Amino acid sequence: MKTRIVITILSAFMLLQACEKDSDNSPMALNPDTAGDVSIDRFSADAGHLFVRDASNGFPGENEPINFDNIPAFITKGLGPNGEMTQYYNFDVMSTIPAPIYVLFKENETMPVDGQLNIVNVIPGSGSYNDFWLVTKVTVPSDYVANTITSYSEIISMGYAVTPTTIIVNCPIVPKGSVASKRFTSESTELTRGWYNSKVVYYFNFSEKDLMAVNGMVPTSDIYVSFNINPDQANGGPPSGFMTVDGTAAGQTHNVPETIPTDAAYSPLWDVQIYDNADFSSVMDLSTATMANIMAMDAAIVNCPIVSVQ
C-alpha cells in the first residue's frame, strides 16, 4: 500500500512538472531529419527573372532537383580580365540588398552553437529573397539546446539579441538533391541544411572569396557580355543566348568579368554591361571589352560565382 501511494505521488509530481514546462510556451528542439522540407521553386514567375519555366525550356518543376552543371543553361565559358579561360554558374538576377541569415551563438562564445542549423526568413519567390545573405548573430543562453529555435518568429518571441555583422555569404537555396559540382576552391560541394519556419531548406555555399558588406550592400563587379542578337533588336539580349566562338550554345563566349576570385575587388554579383556583338571577335580581355561599343549599361545584376580560371 505504501509503495502504491509513493508511486502515485511521484506520478502526480512528474505530471505537474510537465504541465509547468508546457505552460511557459518554450519551444522544443526539433530533429531536422524528421522535421520535413520546404518546397522550393527557383523557376516560378515569382522567383525567376532570366530563368522562368515555360513549355519549351524544360526547367525543373517545383521541388525537383536542379543540375546546375547543365551547359549552357546554368554554366558559361568566359574569359578573364587578362584573357584567362573561365567558367561561372548562372544563378539569375539578384538584389544588392542582402537577406539576413541568422547564426546562433551561446553567450560569451565565439563559435556557432554546435549542431544548430542556420535560420532564414525568406525563400525563392519571396519578395526580399536573395542568394546573398548578411550573417546576423543571435545570442542565446549558455544552456541553449541546438535546434530549439527553428524560425525567425521564435527568435523574436524569445527576445534574443540580434546583431548584424558585415559578412556576406553566397548561398543559393535550391531543392533537395540539386547539384553544382564545381568550385574555385576545395570547399565542399554538398548542400547545407538550414531552417525556414521550422522546416528544412537546402543551400549551396560559394566561398571563392570572402565578401564584406559595403554600406550594408552586397558589393558588385562589372562583366561585359554580348548576345547573338543585340538588345536593341527584336528578341535581342538574353533570350537570344550568348554569342560564342563556334556558334554553339555550349561554346566559348567572350564574356569578360572585371575581376576574378584572386582579385581584392572580386564579387560574384555582377553588374552586366552588354557590348555590340559586332565587336565580339576583338574582345579578348578586359581592356578590349572596355573599348567595345556598349549597347546597354547596367542591364542587370546577376549572381555568377566563378568556379574555374585557367
# chains A, B, ... in the order shown; residues from 1 in each chain; ligands from 1

$ closest_atom_pairs --of "segment 44-152 of chain A" --to "segment 229-240 of chain A" --cutoff "12 Å" --atoms "only C-alpha atoms" --output "Markdown table"
| residue | atom | partner | partner_atom | distance |
| --- | --- | --- | --- | --- |
| A:His49 | CA | A:Pro238 | CA | 10.7 |
| A:Leu50 | CA | A:Pro238 | CA | 7.4 |
| A:Phe51 | CA | A:Pro239 | CA | 10.0 |
| A:Val52 | CA | A:Pro239 | CA | 11.3 |
| A:Asn57 | CA | A:Pro239 | CA | 11.3 |
| A:Ala73 | CA | A:Pro238 | CA | 11.3 |
| A:Asp92 | CA | A:Pro238 | CA | 11.3 |
| A:Val93 | CA | A:Pro238 | CA | 11.9 |

$ residues_around --residues "segment 203-206 of chain A" --least-positions-apart "3" --cutoff "8 Å" --atoms "only C-alpha atoms" --output "PyMOL selection string"
chain A and resi 169-174+180+183+188-194+305

$ write_last_selection --atoms "N, CA and C atoms" --output "mmCIF file, in the first residue's frame"
data_model
loop_
_atom_site.group_PDB
_atom_site.id
_atom_site.type_symbol
_atom_site.label_atom_id
_atom_site.label_comp_id
_atom_site.auth_asym_id
_atom_site.auth_seq_id
_atom_site.Cartn_x
_atom_site.Cartn_y
_atom_site.Cartn_z
ATOM 1 N N VAL A 169 27.566 36.090 -47.369
ATOM 2 C CA VAL A 169 27.805 34.743 -47.901
ATOM 3 C C VAL A 169 26.888 34.510 -49.097
ATOM 4 N N ASN A 170 27.403 33.753 -50.069
ATOM 5 C CA ASN A 170 26.661 33.435 -51.285
ATOM 6 C C ASN A 170 26.151 32.005 -51.166
ATOM 7 N N CYS A 171 24.863 31.858 -50.830
ATOM 8 C CA CYS A 171 24.289 30.547 -50.520
ATOM 9 C C CYS A 171 22.919 30.397 -51.190
ATOM 10 N N PRO A 172 22.887 30.075 -52.476
ATOM 11 C CA PRO A 172 21.602 29.911 -53.163
ATOM 12 C C PRO A 172 20.780 28.761 -52.581
ATOM 13 N N ILE A 173 19.534 29.037 -52.216
ATOM 14 C CA ILE A 173 18.617 27.993 -51.750
ATOM 15 C C ILE A 173 18.062 27.259 -52.968
ATOM 16 N N VAL A 174 18.094 25.933 -52.905
ATOM 17 C CA VAL A 174 17.697 25.091 -54.035
ATOM 18 C C VAL A 174 16.899 23.893 -53.518
ATOM 19 N N ALA A 180 25.629 21.215 -58.024
ATOM 20 C CA ALA A 180 26.536 22.185 -58.643
ATOM 21 C C ALA A 180 27.928 21.743 -58.209
ATOM 22 N N ARG A 183 33.721 24.197 -57.956
ATOM 23 C CA ARG A 183 34.080 25.281 -57.042
ATOM 24 C C ARG A 183 35.473 25.780 -57.398
ATOM 25 N N SER A 188 33.557 22.060 -49.901
ATOM 26 C CA SER A 188 32.584 21.018 -50.196
ATOM 27 C C SER A 188 31.522 21.525 -51.179
ATOM 28 N N THR A 189 31.090 20.632 -52.040
ATOM 29 C CA THR A 189 30.004 20.951 -52.965
ATOM 30 C C THR A 189 28.670 20.414 -52.464
ATOM 31 N N GLU A 190 28.669 19.807 -51.279
ATOM 32 C CA GLU A 190 27.432 19.252 -50.726
ATOM 33 C C GLU A 190 26.491 20.364 -50.287
ATOM 34 N N LEU A 191 25.212 20.059 -50.282
ATOM 35 C CA LEU A 191 24.223 21.007 -49.795
ATOM 36 C C LEU A 191 24.286 21.132 -48.281
ATOM 37 N N THR A 192 24.019 22.338 -47.792
ATOM 38 C CA THR A 192 23.924 22.610 -46.358
ATOM 39 C C THR A 192 22.453 22.767 -46.002
ATOM 40 N N ARG A 193 22.090 22.296 -44.807
ATOM 41 C CA ARG A 193 20.700 22.422 -44.373
ATOM 42 C C ARG A 193 20.521 23.645 -43.475
ATOM 43 N N GLY A 194 19.359 24.257 -43.560
ATOM 44 C CA GLY A 194 19.007 25.368 -42.687
ATOM 45 C C GLY A 194 17.540 25.269 -42.309
ATOM 46 N N PRO A 305 28.971 33.114 -59.585
ATOM 47 C CA PRO A 305 30.272 32.788 -58.988
ATOM 48 C C PRO A 305 31.195 32.089 -59.983
#

$ atom_distance --atom1 "atom CA of Ala250 of chain A" --atom2 "atom CA of Gln87 of chain A"
11.5 Å

$ closest_atom_pairs --of "segment 227-290 of chain A" --to "segment 298-303 of chain A" --cutoff "6 Å" --atoms "only C-alpha atoms" --output "Markdown table"
| residue | atom | partner | partner_atom | distance |
| --- | --- | --- | --- | --- |
| A:Pro268 | CA | A:Asn303 | CA | 5.7 |
| A:Leu269 | CA | A:Asn303 | CA | 4.6 |
| A:Trp270 | CA | A:Val302 | CA | 5.2 |
| A:Asp271 | CA | A:Ile301 | CA | 4.6 |
| A:Val272 | CA | A:Asp298 | CA | 5.3 |
| A:Gln273 | CA | A:Asp298 | CA | 5.5 |

$ select_by_dssp --residues "segment 19-161 of chain A" --states "alpha helix (DSSP H)" --output "PyMOL selection string"
chain A and resi 19-23+152-158

$ atom_distance --atom1 "atom CA of Thr163 of chain A" --atom2 "atom CA of Thr139 of chain A"
8.3 Å
